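Visitor: Below is a structure I'd like to ask you about.
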Amino acid sequence: MTNVSEPTNTRAELGGQKSARSSSAFLAHHFATAAQQLGAAKLGMWIFIATEILMFGGLFCAYSVWRGAEPEIFDQAHHFLSKPLGAANTIVLLFSSLTAALAVRSAGLGHRQATSAYLFATIACACVFLVVKYFEYSHKIHLGLLPGHCFGHPGFSEAMRGGREVGTCLRLDASDAPVMPEWLRAVDESGRVRVLPPRANMFFGLYFVMTGLHGIHVLVGIGVLSWVLVRNIRGSFSVQYYTPVDLAALYWHLVDLVWIYLFPLLYLVGKPE
Amino acid sequence: MSASNAPATFQLPDQMSTVAPNVDFLYYFIYWLSVVLFVGIVATMVYWSVKYRERPGHRAVPTGHNFSVEIAWTVAPVFILIYIFYKGFQGYLDAAIAPPGAIEVRVNAKQWGWEFVYPNGGADNELHVPVHKPVKLIMASSDVIHSLFIPAMRIKRDVVPGRYSSEWFEATHVGTADIYCAEYCGGRSRDGSGNELPYEQMTGHWSMHSTVHVEPEGDFQAYLGSIGDKCAVYTVTGQPCPDSVLVSEGERLYTKKACSGCHTTTGLPLVGPTWKGIWGRQELTDHGPVSVDANYVRESILNPQAKIVKGFPPVMPPFLGQISDIEIDEIIAFMKSLKE
Amino acid sequence: MAAVDIETATVHPGDGHVAPDANYLVAERTLRSWLVTRDHKRIGILYLAMIVLAFFLGGVFALLIRIELFARGRTIVDAETYHRFFTLHGSIMIFLFIIPSIPATLGNFFLPIMIGAKDVAFPKLNLASYYIYLLGAAIVISSIVIGAVDTGWTFYTPYSVQSASAVVPMTLGVFVLGFSSILTGLNFMVTVHTMRAPGVTWTRLPLFVWGMYATALIQVLATPVLAITLLLLAAERVFGIGIFDPKLGGDPILFQHFFWFYSHPAVYIMIVPGMAIVSELIATFSRRAIFGYFAIAMSSIGLAVLGFLVWGHHMFVAGMSEFGTMLFSALTFLVAIPSGVKVFNWLATMYRGSIVWASPMLYAMGFIFLFTIGGLTGLFLGALSTDIHLTDTYFVVAHFHYVMMGGTVMGFLGGLLYWWPKITGKMHDEALAKVGFAFVFLGFNVTFLPQFVMGSRGMMRRYYDYRSEFLRFHQVSTVGSWLLSLGLFITAYVLLDALWRGKRAPRNPWGSAGFEWMTETPPPVSNFRETPVITRGPYDYHVATPEELATGWDEVADDEPGQGDKS
């Protein structure tokens with residue numbers, strides 16, 4: 001990897017003399033050159049991305065274990081996921097990756113306003129994604145397509161009494177009697193009535209944890225991109241230094257990539273009807 | 001190959017099963033190998049640290065290279081390790097695969113006791129097996145992971161809720177051996193209000209002790225006869241079981257099915273309500289008031305979470321599939337006999 | 001000797017930057033300068049303070065366990081409290097103490113110095129990882145206060161889902177601690193790749209750095225899996241997601257696979273740094289280049305890689321297929337080879353060296369003694385048929401204490417004593433340090449050697465009470481724990497006492513050829529006066545002259561050879 005190549009430069013800079021460095025206010029004191037700093041930043045970001053892949057990897061592992069054990073459940077249950085909404089979200093995220101990449105390009109060219117515009121577009125797409133997710137989640141809560149104990153309990157209810165939902169299936173107090181998942185009969189996304197057994201709660205457990213963790217990463221991405229946008233507006237970046245834009249976009253590409261895997265595995269894979 | 005069964009040594013218990021000699025052979029092989037290696041390494045280290053200690057006139061010799069030595073001490077251990085792995089795997093397969101025709105004993109593990117159910121339906125908290133016959137334990141847990149370990153037989157296997165696991169052994173001589181739970185499963189040492197219980201009432205992972213009795217074939221058959229349900233003798237001929245037999249069988253089940261772990265007969269509430277005087281009483285549950293009658297008792301045994309008496313935690317495990325109808329009748333009869 | 005008077009080095013005011021020549025301890029003296037420092041050396045010391053507290057807390061629980069087990073029946077507490085004792089002992093020792101121990105303290109302090117860098121790649125991230133550690137530790141401690149956890153540090157389901165104890169705060173605390181570990185590892189990896197001074201090639205890296213790098217690799221790749229495992233456990237408790245609950249269609253064994261996929265590599269996070277320190281100590285105190293440098297470096301990487309492939313050996317009786325157990329057993333024996341290679345190389349280093357019986361060397365030799373026992377007892381557990389008998393008994397408890405405490409803690413204490421002069425500028429009382437070592441070594445063996453025999457005779461782990469045949473063993477073990485504690489207190493006293501009453505340390509009290517000894521003691525803020533250009537390896541005792549070993553590489557000493565003049 002990048003190594004310090006010129007001892008004389010190094011000594012001059014690190015001996016406390018400021019003259020060689022005053023033009024590069026972004027260069028941290030412990031780095032000898034801007035190239036070294038950028039190389040370190042990028043390597044660090046890639047290592048961080050590796051950790052994220054391993055974290056999601058555990059979930060994909062759980063998915064494959066369950067899919068192998070209960071293929072029919074997965075096949076029946078996945079019809080309750082809206083393919084149009086999922087596809088829309090996929091296109092939104094892909095587009096947002098494009099705008100993120102364009103933001104990096106225009107930052108590298110020094111086009112500050114274009115960079116702001118692209119960053120803003122990326123953030124807007126992320127918000128659209130979350131709004132669509134909100135609609136998907138609330139529809140599932142309404143039908144009772146919930147993970148674990150709450151499967152078959154619409155609106156997180158404990159029971160239906162006279163058409164009303166009463167109590168709650170969430171058990172935050174260990175001394176309450178436990179709730180079991182119920183059979184669920186509902187209309188799926190294609191208009192067909194389906195009946196799912198209690199153990200279909202596993203599919204929705206994986207669905208909510210995987211898309212939920214992904215959604216948290218989208219939210220964090222919105223935060224990171226917004227902060228980079230603010231810094232860009234303030235003029236912190238230049239042709240010589242736009243590393244934060246670069247790294248934020250890299251993170252965003254990861255978030256997009258995880259969704260590219262989630263979408264087909266959860267929404268699309270199943271037996272032809 | 002199997003050596004004759006050895007008595008207990010300083011490190012290992014009695015050998016009481018057919019797989020034990022192989023396990024112990026490997027154990028002592030690794031042990032002596034370790035002793036030789038350890039003594040060699042430590043003696044060399046101490047000797048050299050003294051022989052080459054810093055002192056006037058003594059200088060360190062520059063480190064060279066010795067590629068062949070490095071290869072040697074990297075490759076040589078491989079052969080020994082392959083041998084150890086092979087013996088270990090062989091022994092494991094012997095212990096994992098029960099011979100055909102083994103006597104099957106069902107094991108129900110729960111917090112915090114064992115129940116052994118024999119082919120004739122009789123149940124006990126202790127394991128009796130005939131000598132020189134393979135016995136296969138088919139195990140299930142109704143709550144958390146337990147593990148059944150018989151040190152003298154050198155066998156151990158986790159008992160996992162939601163699935164069956166099995167292990168087997170063939171005992172080589174008559175005698176008794178300890179059975180322990182080998183997977184931490186909690187415990188109870190406080191009552192519902194958080195006050196500490198006396199030591200004798202504390203129960204948990206450490207107290208899941210049982211015993212395996214290896215006996216001659218004749219004694220084993222007699223034992224099977226004795227644990228069979230005494231009411232069976234009546235019901236099999238179509239007669240009703242007399243009340244005294246129902247009550248005494250119910251009292252036996254009170255201990256054997258581990259009801260005593262949570263319900264007393266003395267009036268003292270424990271994890272669950274006391275049975276003394278409970279029959280016919282009105283109780284308030286989390287699903288409304290009930291009368292403690294045959295239906296409620298039956299439901300509480302098979303599906304205890306349906307109605308929990310207020311003030312008690314919802315921790316009773318279900319006995320669905322682990323108790324027969326006549327056994328429920330026996331428990332009901334026993335409960336009825338515990339008047340205030 | 002260098003002419004700089006470290007006691008009077010002052011700060012250059014005005015630009016907020018500290019003059020890089022000032023000794024890092026005195027350059028800024030305010031509390032705030034410590035709490036928001038970006039200096040890896042100060043961060044290492046901040047971590048050290050917390051690590052020592054964590055060790056003390058975990059140790060208190062250990063002593064309580066041993067007191068309860070001194071007699072049969074109820075000795076000092078009831079069973080539910082005892083279950084919390086061993087859970088907290090394990091969780092605090094593993095997550096608050098041993099995982100961060102060497103990397104976050106000695107690694108933080110010395111990794112940049114050993115490669116001639118001014119700091120780690122991301123100093124602010126380094127500070128952040130310290131505060132994340134504090135946050136995680138606070139959450140874990142709070143879980144103790146609100147009821148503690150009684151599941152064992154392994155949190156096996158379904159018990160951990162059902163237990164009415166503070167599982168969620170504990171797991172969330174550990175989750176947060178994991179991020180601290182990941183960020184430290186990330187920082188170290190990038191530092192080693194991008195910030196080596198001129199001449200520090202990969203084949204001249206000190207073995208301590210190789211060890212930190214291998215450890216960082218594991219931290220970065222394994223800890224995220226723990227993160228997701230703990231998240232899923234918390235989700236199961238709070239939201240009832242049934243991934244591990246058989247009643248909902250889940251599988252308790254899946255939890256074990258997820259958990260051990262992290263926790264086995266984690267034990268290599270624990271031991272590789274200890275081994276890395278031992279390599280440094282053996283070379284310095286034999287006055288000889290380490291034998292088989294490349295083999296030791298590669299064995300650290302080998303442990304990191306192979307360590308990911310053997311997690312199933314914790315689950316031989318859990319219910320895996322015979323094929324699975326066979327595979328894991330074979331791979332487990334493979335991972336024994338790199339550890340053996342290191343021990344042989346260390347011995348070969350001592351051969352025809354010039355051995356100094358200083359206290360750090362005693363710890364290094366103690367490491368070899370104790371780790372050899374720990375490693376060899378791993379053979380019993382890697383072999384399938386003997387493992388069936390020994391797993392979940394005290395044999396396993398003894399095995400892992402021999403490698404974790406007899407290994408890592410011995411390495412840690414040896415490293416602290418070795419580098420204490422460098423860190424503090426003071427010399428500690430060597431004689432008393434050796435007394436402390438004697439008690440630690442003796443007490444450790446008295447505590448844990450009987451536990452092997454207890455285990456093979458049938459004493460189970462996590463038992464509140466036991467059969468009468470084990471009484472004597474438990475009593476001996478408990479007395480050993482008191483001897484061990486005495487030794488640890490003596491050692492702590494030695495280190496603290498040096499701060500106040502220690503003599504000023506010379507630049508290189510041990511005469512080591514290591515790069516970290518070639519700068520001032522204590523180091524300046526920027527680690528070196530001038531970025532060094534390295535022309536020799538860190539163990540080249542027969543290239544470096546005695547003058548160079550005494551005076552280092554500063555150009556301040558005009559008539560001493562500078563670092564560029566070596567041939």
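Labels for the structure tokens follow display order: chains A, B, ..., residues from 1 in each chain, ligands from 1.
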Tell me which protein, DNA and RNA residues are within 6 Å of C:Thr191, counting only C-alpha atoms, leaving out same-chain ones fewer than 4 positions away, and put them as a VMD selection string.
Guide: chain C and resid 120 to 121 195
Visitor: Could you write out the selected residues, including C-alpha atoms, as a PDB file, in the first residue's frame?
Guide:
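Result file follows (selection.pdb):
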```pdb
ATOM      1  CA  VAL C 120      -2.636   5.713  14.042  1.00  0.00           C
ATOM      2  CA  ALA C 121      -4.383   6.341  10.731  1.00  0.00           C
ATOM      3  CA  MET C 195       1.786   4.514   7.611  1.00  0.00           C
TER       4      MET C 195
END
```
Visitor: Taking only C-alpha atoms into account and nothing else, which residues of chain C lie no more than 6 Å away from chain B? Please answer as a PyMOL selection string.
Guide: chain C and resi 79-80+158-159+246+289+317-318+352-356+376+383-386+388-389+392+453+456-458+463-464
Visitor: With N, CA and C atoms retained, write the just-selected residues as a compact mmCIF listing (two decimals), in the first residue's frame.
Guide:
```
# COMPACT_ATOMS: atom_id res chain seq x y z
N ALA C 79 -28.51 -19.88 44.88
CA ALA C 79 -28.13 -20.34 43.54
C ALA C 79 -28.33 -19.27 42.48
N GLU C 80 -29.46 -18.55 42.54
CA GLU C 80 -29.72 -17.58 41.47
C GLU C 80 -28.66 -16.49 41.48
N PRO C 158 -32.85 -21.82 24.39
CA PRO C 158 -33.91 -20.90 24.77
C PRO C 158 -33.78 -20.29 26.17
N TYR C 159 -32.83 -20.73 26.98
CA TYR C 159 -32.83 -20.22 28.35
C TYR C 159 -32.67 -18.69 28.38
N PRO C 246 -37.85 -23.04 19.43
CA PRO C 246 -38.49 -24.16 18.75
C PRO C 246 -40.01 -24.06 18.72
N ALA C 289 18.28 -12.24 17.84
CA ALA C 289 17.16 -12.13 16.90
C ALA C 289 16.24 -13.31 17.07
N VAL C 317 -21.31 -32.10 21.21
CA VAL C 317 -22.43 -32.89 21.72
C VAL C 317 -23.76 -32.17 21.55
N ALA C 318 -23.75 -31.10 20.77
CA ALA C 318 -24.98 -30.31 20.66
C ALA C 318 -25.99 -30.93 19.71
N ARG C 352 21.61 -20.49 23.02
CA ARG C 352 22.84 -19.74 22.82
C ARG C 352 22.62 -18.23 22.81
N GLY C 353 21.57 -17.82 23.51
CA GLY C 353 21.38 -16.39 23.70
C GLY C 353 22.08 -15.95 24.95
N SER C 354 21.71 -14.77 25.41
CA SER C 354 22.25 -14.26 26.67
C SER C 354 21.04 -13.86 27.49
N ILE C 355 20.61 -14.78 28.34
CA ILE C 355 19.28 -14.69 28.95
C ILE C 355 19.31 -13.80 30.20
N VAL C 356 18.40 -12.85 30.24
CA VAL C 356 18.29 -11.97 31.39
C VAL C 356 17.04 -12.36 32.17
N LEU C 376 -1.88 -28.09 25.14
CA LEU C 376 -1.92 -29.55 25.10
C LEU C 376 -3.27 -30.08 25.58
N ALA C 383 -10.15 -33.95 20.22
CA ALA C 383 -10.44 -35.32 19.83
C ALA C 383 -11.87 -35.65 20.24
N LEU C 384 -12.64 -36.18 19.29
CA LEU C 384 -14.08 -36.31 19.50
C LEU C 384 -14.45 -37.19 20.68
N SER C 385 -13.85 -38.37 20.78
CA SER C 385 -14.35 -39.29 21.81
C SER C 385 -14.01 -38.80 23.21
N THR C 386 -12.83 -38.22 23.39
CA THR C 386 -12.51 -37.71 24.72
C THR C 386 -13.30 -36.44 25.00
N ILE C 388 -16.36 -35.85 24.26
CA ILE C 388 -17.69 -36.21 24.74
C ILE C 388 -17.67 -36.33 26.26
N HIS C 389 -16.60 -36.91 26.77
CA HIS C 389 -16.52 -37.08 28.22
C HIS C 389 -16.20 -35.77 28.92
N ASP C 392 -18.13 -29.49 28.83
CA ASP C 392 -19.03 -29.00 29.87
C ASP C 392 -18.62 -29.42 31.28
N VAL C 453 -8.42 -32.32 36.88
CA VAL C 453 -8.76 -33.63 37.43
C VAL C 453 -10.22 -33.67 37.87
N SER C 456 -12.27 -34.26 34.68
CA SER C 456 -12.26 -35.60 34.10
C SER C 456 -12.92 -36.60 35.02
N ARG C 457 -13.05 -36.26 36.30
CA ARG C 457 -13.73 -37.15 37.24
C ARG C 457 -15.23 -36.92 37.26
N GLY C 458 -15.69 -35.84 36.61
CA GLY C 458 -17.14 -35.67 36.51
C GLY C 458 -17.71 -34.42 37.17
N TYR C 463 -22.03 -25.43 38.19
CA TYR C 463 -22.77 -26.09 39.25
C TYR C 463 -22.68 -25.28 40.53
N TYR C 464 -23.82 -24.98 41.13
CA TYR C 464 -23.88 -24.26 42.38
C TYR C 464 -23.38 -25.14 43.53
```
Visitor: Tell me the residues of chain C close to chain A, meaning within 9 Å using only C-alpha atoms, as JSON, numbers by chain.
Guide: {"C": [19, 20, 117, 118, 119, 120, 121, 122, 123, 162, 163, 164, 182, 183, 186, 187, 189, 190, 191, 193, 194, 195, 196, 197, 198, 220, 221, 222, 223, 224, 225, 226, 227, 228, 229, 232, 235, 236, 237, 238, 239, 240, 241, 242, 243, 247, 248, 249, 250, 254, 258, 526, 529, 530, 531, 532, 533]}
Visitor: Show me, as a list in words, every residue of chain B with an atom at most 9 Å from chain A, counting only C-alpha atoms.
Guide: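 The selection requested is Asp286, Gln305, Ala306, Lys307, Ile308, Phe312, Pro313, Pro314 and Val315 of chain B.
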Visitor: Contacts of stretch 134-143 of chain A at 10 Å or less, counting only C-alpha atoms, minus same-chain residues fewer than 4 places along, as a PyMOL selection string?
Guide: chain A and resi 80-82+85-86+128-130+147+150-157+184-188+204+208+211-212
Visitor: Save out the residues we just selected, C-alpha atoms, as a PDB file, in the first residue's frame.
Guide:
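So selection.pdb came out as:
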```
ATOM      1  CA  PHE A  80     -47.812 -11.147   0.717  1.00  0.00           C
ATOM      2  CA  LEU A  81     -44.924  -8.906  -0.309  1.00  0.00           C
ATOM      3  CA  SER A  82     -45.791  -6.313  -2.921  1.00  0.00           C
ATOM      4  CA  LEU A  85     -43.560  -1.594  -4.360  1.00  0.00           C
ATOM      5  CA  GLY A  86     -40.392  -3.624  -3.959  1.00  0.00           C
ATOM      6  CA  VAL A 128     -38.843   8.029  -0.878  1.00  0.00           C
ATOM      7  CA  PHE A 129     -37.523   4.549  -0.085  1.00  0.00           C
ATOM      8  CA  LEU A 130     -38.383   4.937   3.568  1.00  0.00           C
ATOM      9  CA  PRO A 147     -42.807 -11.765  13.245  1.00  0.00           C
ATOM     10  CA  CYS A 150     -47.342 -11.582  16.967  1.00  0.00           C
ATOM     11  CA  PHE A 151     -47.969 -13.457  13.738  1.00  0.00           C
ATOM     12  CA  GLY A 152     -51.685 -13.647  13.154  1.00  0.00           C
ATOM     13  CA  HIS A 153     -52.383 -10.823  15.587  1.00  0.00           C
ATOM     14  CA  PRO A 154     -53.432  -7.851  13.444  1.00  0.00           C
ATOM     15  CA  GLY A 155     -52.293  -4.525  14.790  1.00  0.00           C
ATOM     16  CA  PHE A 156     -50.158  -6.239  17.454  1.00  0.00           C
ATOM     17  CA  SER A 157     -53.329  -7.230  19.245  1.00  0.00           C
ATOM     18  CA  LEU A 184     -53.665 -16.261   9.394  1.00  0.00           C
ATOM     19  CA  ARG A 185     -56.116 -15.930   6.580  1.00  0.00           C
ATOM     20  CA  ALA A 186     -55.801 -12.877   4.379  1.00  0.00           C
ATOM     21  CA  VAL A 187     -55.786 -11.581   0.848  1.00  0.00           C
ATOM     22  CA  ASP A 188     -52.330 -11.489  -0.706  1.00  0.00           C
ATOM     23  CA  PHE A 204     -41.855 -12.447   8.526  1.00  0.00           C
ATOM     24  CA  PHE A 208     -38.683  -7.533   9.263  1.00  0.00           C
ATOM     25  CA  THR A 211     -35.403  -5.055   5.841  1.00  0.00           C
ATOM     26  CA  GLY A 212     -35.472  -3.342   9.233  1.00  0.00           C
TER      27      GLY A 212
END
```
Visitor: Find the residues near B:Asn303: any atom within 9 Å, counting only C-alpha atoms, skip ones fewer than 2 places away on the same chain, and give them as a short mmCIF file (atom, residue, chain, number, x, y, z; two decimals) with N, CA and C atoms, in the first residue's frame.
Guide:
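Generated file (out_35.cif):
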```
data_model
loop_
_atom_site.label_atom_id
_atom_site.label_comp_id
_atom_site.auth_asym_id
_atom_site.auth_seq_id
_atom_site.Cartn_x
_atom_site.Cartn_y
_atom_site.Cartn_z
N ARG B 298 -57.16 -31.22 34.46
CA ARG B 298 -56.71 -31.85 33.21
C ARG B 298 -56.12 -30.82 32.26
N GLU B 299 -56.83 -29.69 32.12
CA GLU B 299 -56.32 -28.63 31.24
C GLU B 299 -55.00 -28.09 31.75
N SER B 300 -54.87 -27.96 33.08
CA SER B 300 -53.65 -27.41 33.63
C SER B 300 -52.46 -28.32 33.44
N ILE B 301 -52.74 -29.62 33.36
CA ILE B 301 -51.63 -30.56 33.14
C ILE B 301 -51.21 -30.55 31.67
N GLN B 305 -50.63 -23.12 30.29
CA GLN B 305 -50.66 -21.68 30.03
C GLN B 305 -52.06 -21.16 29.77
N ALA B 306 -53.04 -22.07 29.63
CA ALA B 306 -54.38 -21.60 29.28
C ALA B 306 -54.97 -20.72 30.37
N LYS B 307 -54.82 -21.17 31.62
CA LYS B 307 -55.34 -20.37 32.73
C LYS B 307 -54.35 -20.48 33.89
N MET B 316 -45.19 -23.28 34.18
CA MET B 316 -45.38 -24.72 34.20
C MET B 316 -45.26 -25.29 32.79
N PRO B 317 -44.41 -26.33 32.60
CA PRO B 317 -44.29 -26.91 31.27
C PRO B 317 -45.49 -27.81 30.98
N PRO B 318 -45.89 -27.91 29.72
CA PRO B 318 -47.03 -28.77 29.38
C PRO B 318 -46.62 -30.24 29.41
N PHE B 319 -47.56 -31.09 29.82
CA PHE B 319 -47.31 -32.52 29.85
C PHE B 319 -47.99 -33.25 28.70
N LEU B 320 -48.49 -32.48 27.73
CA LEU B 320 -49.16 -33.10 26.60
C LEU B 320 -48.21 -34.08 25.92
#
```
Visitor: Per DSSP on the backbone, what are the strand (DSSP E) residues of stretch 369-561 of chain C, as a VMD selection string?
Guide: chain C and resid 426 to 427 503 to 504
Visitor: Figure out the distance between atom CA of C:Arg504 and atom CA of C:Gly366, please, to one decimal in Å.
Guide: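 Computed distance, atom CA of C:Gly366 to atom CA of C:Arg504, equals 27.9 Å.
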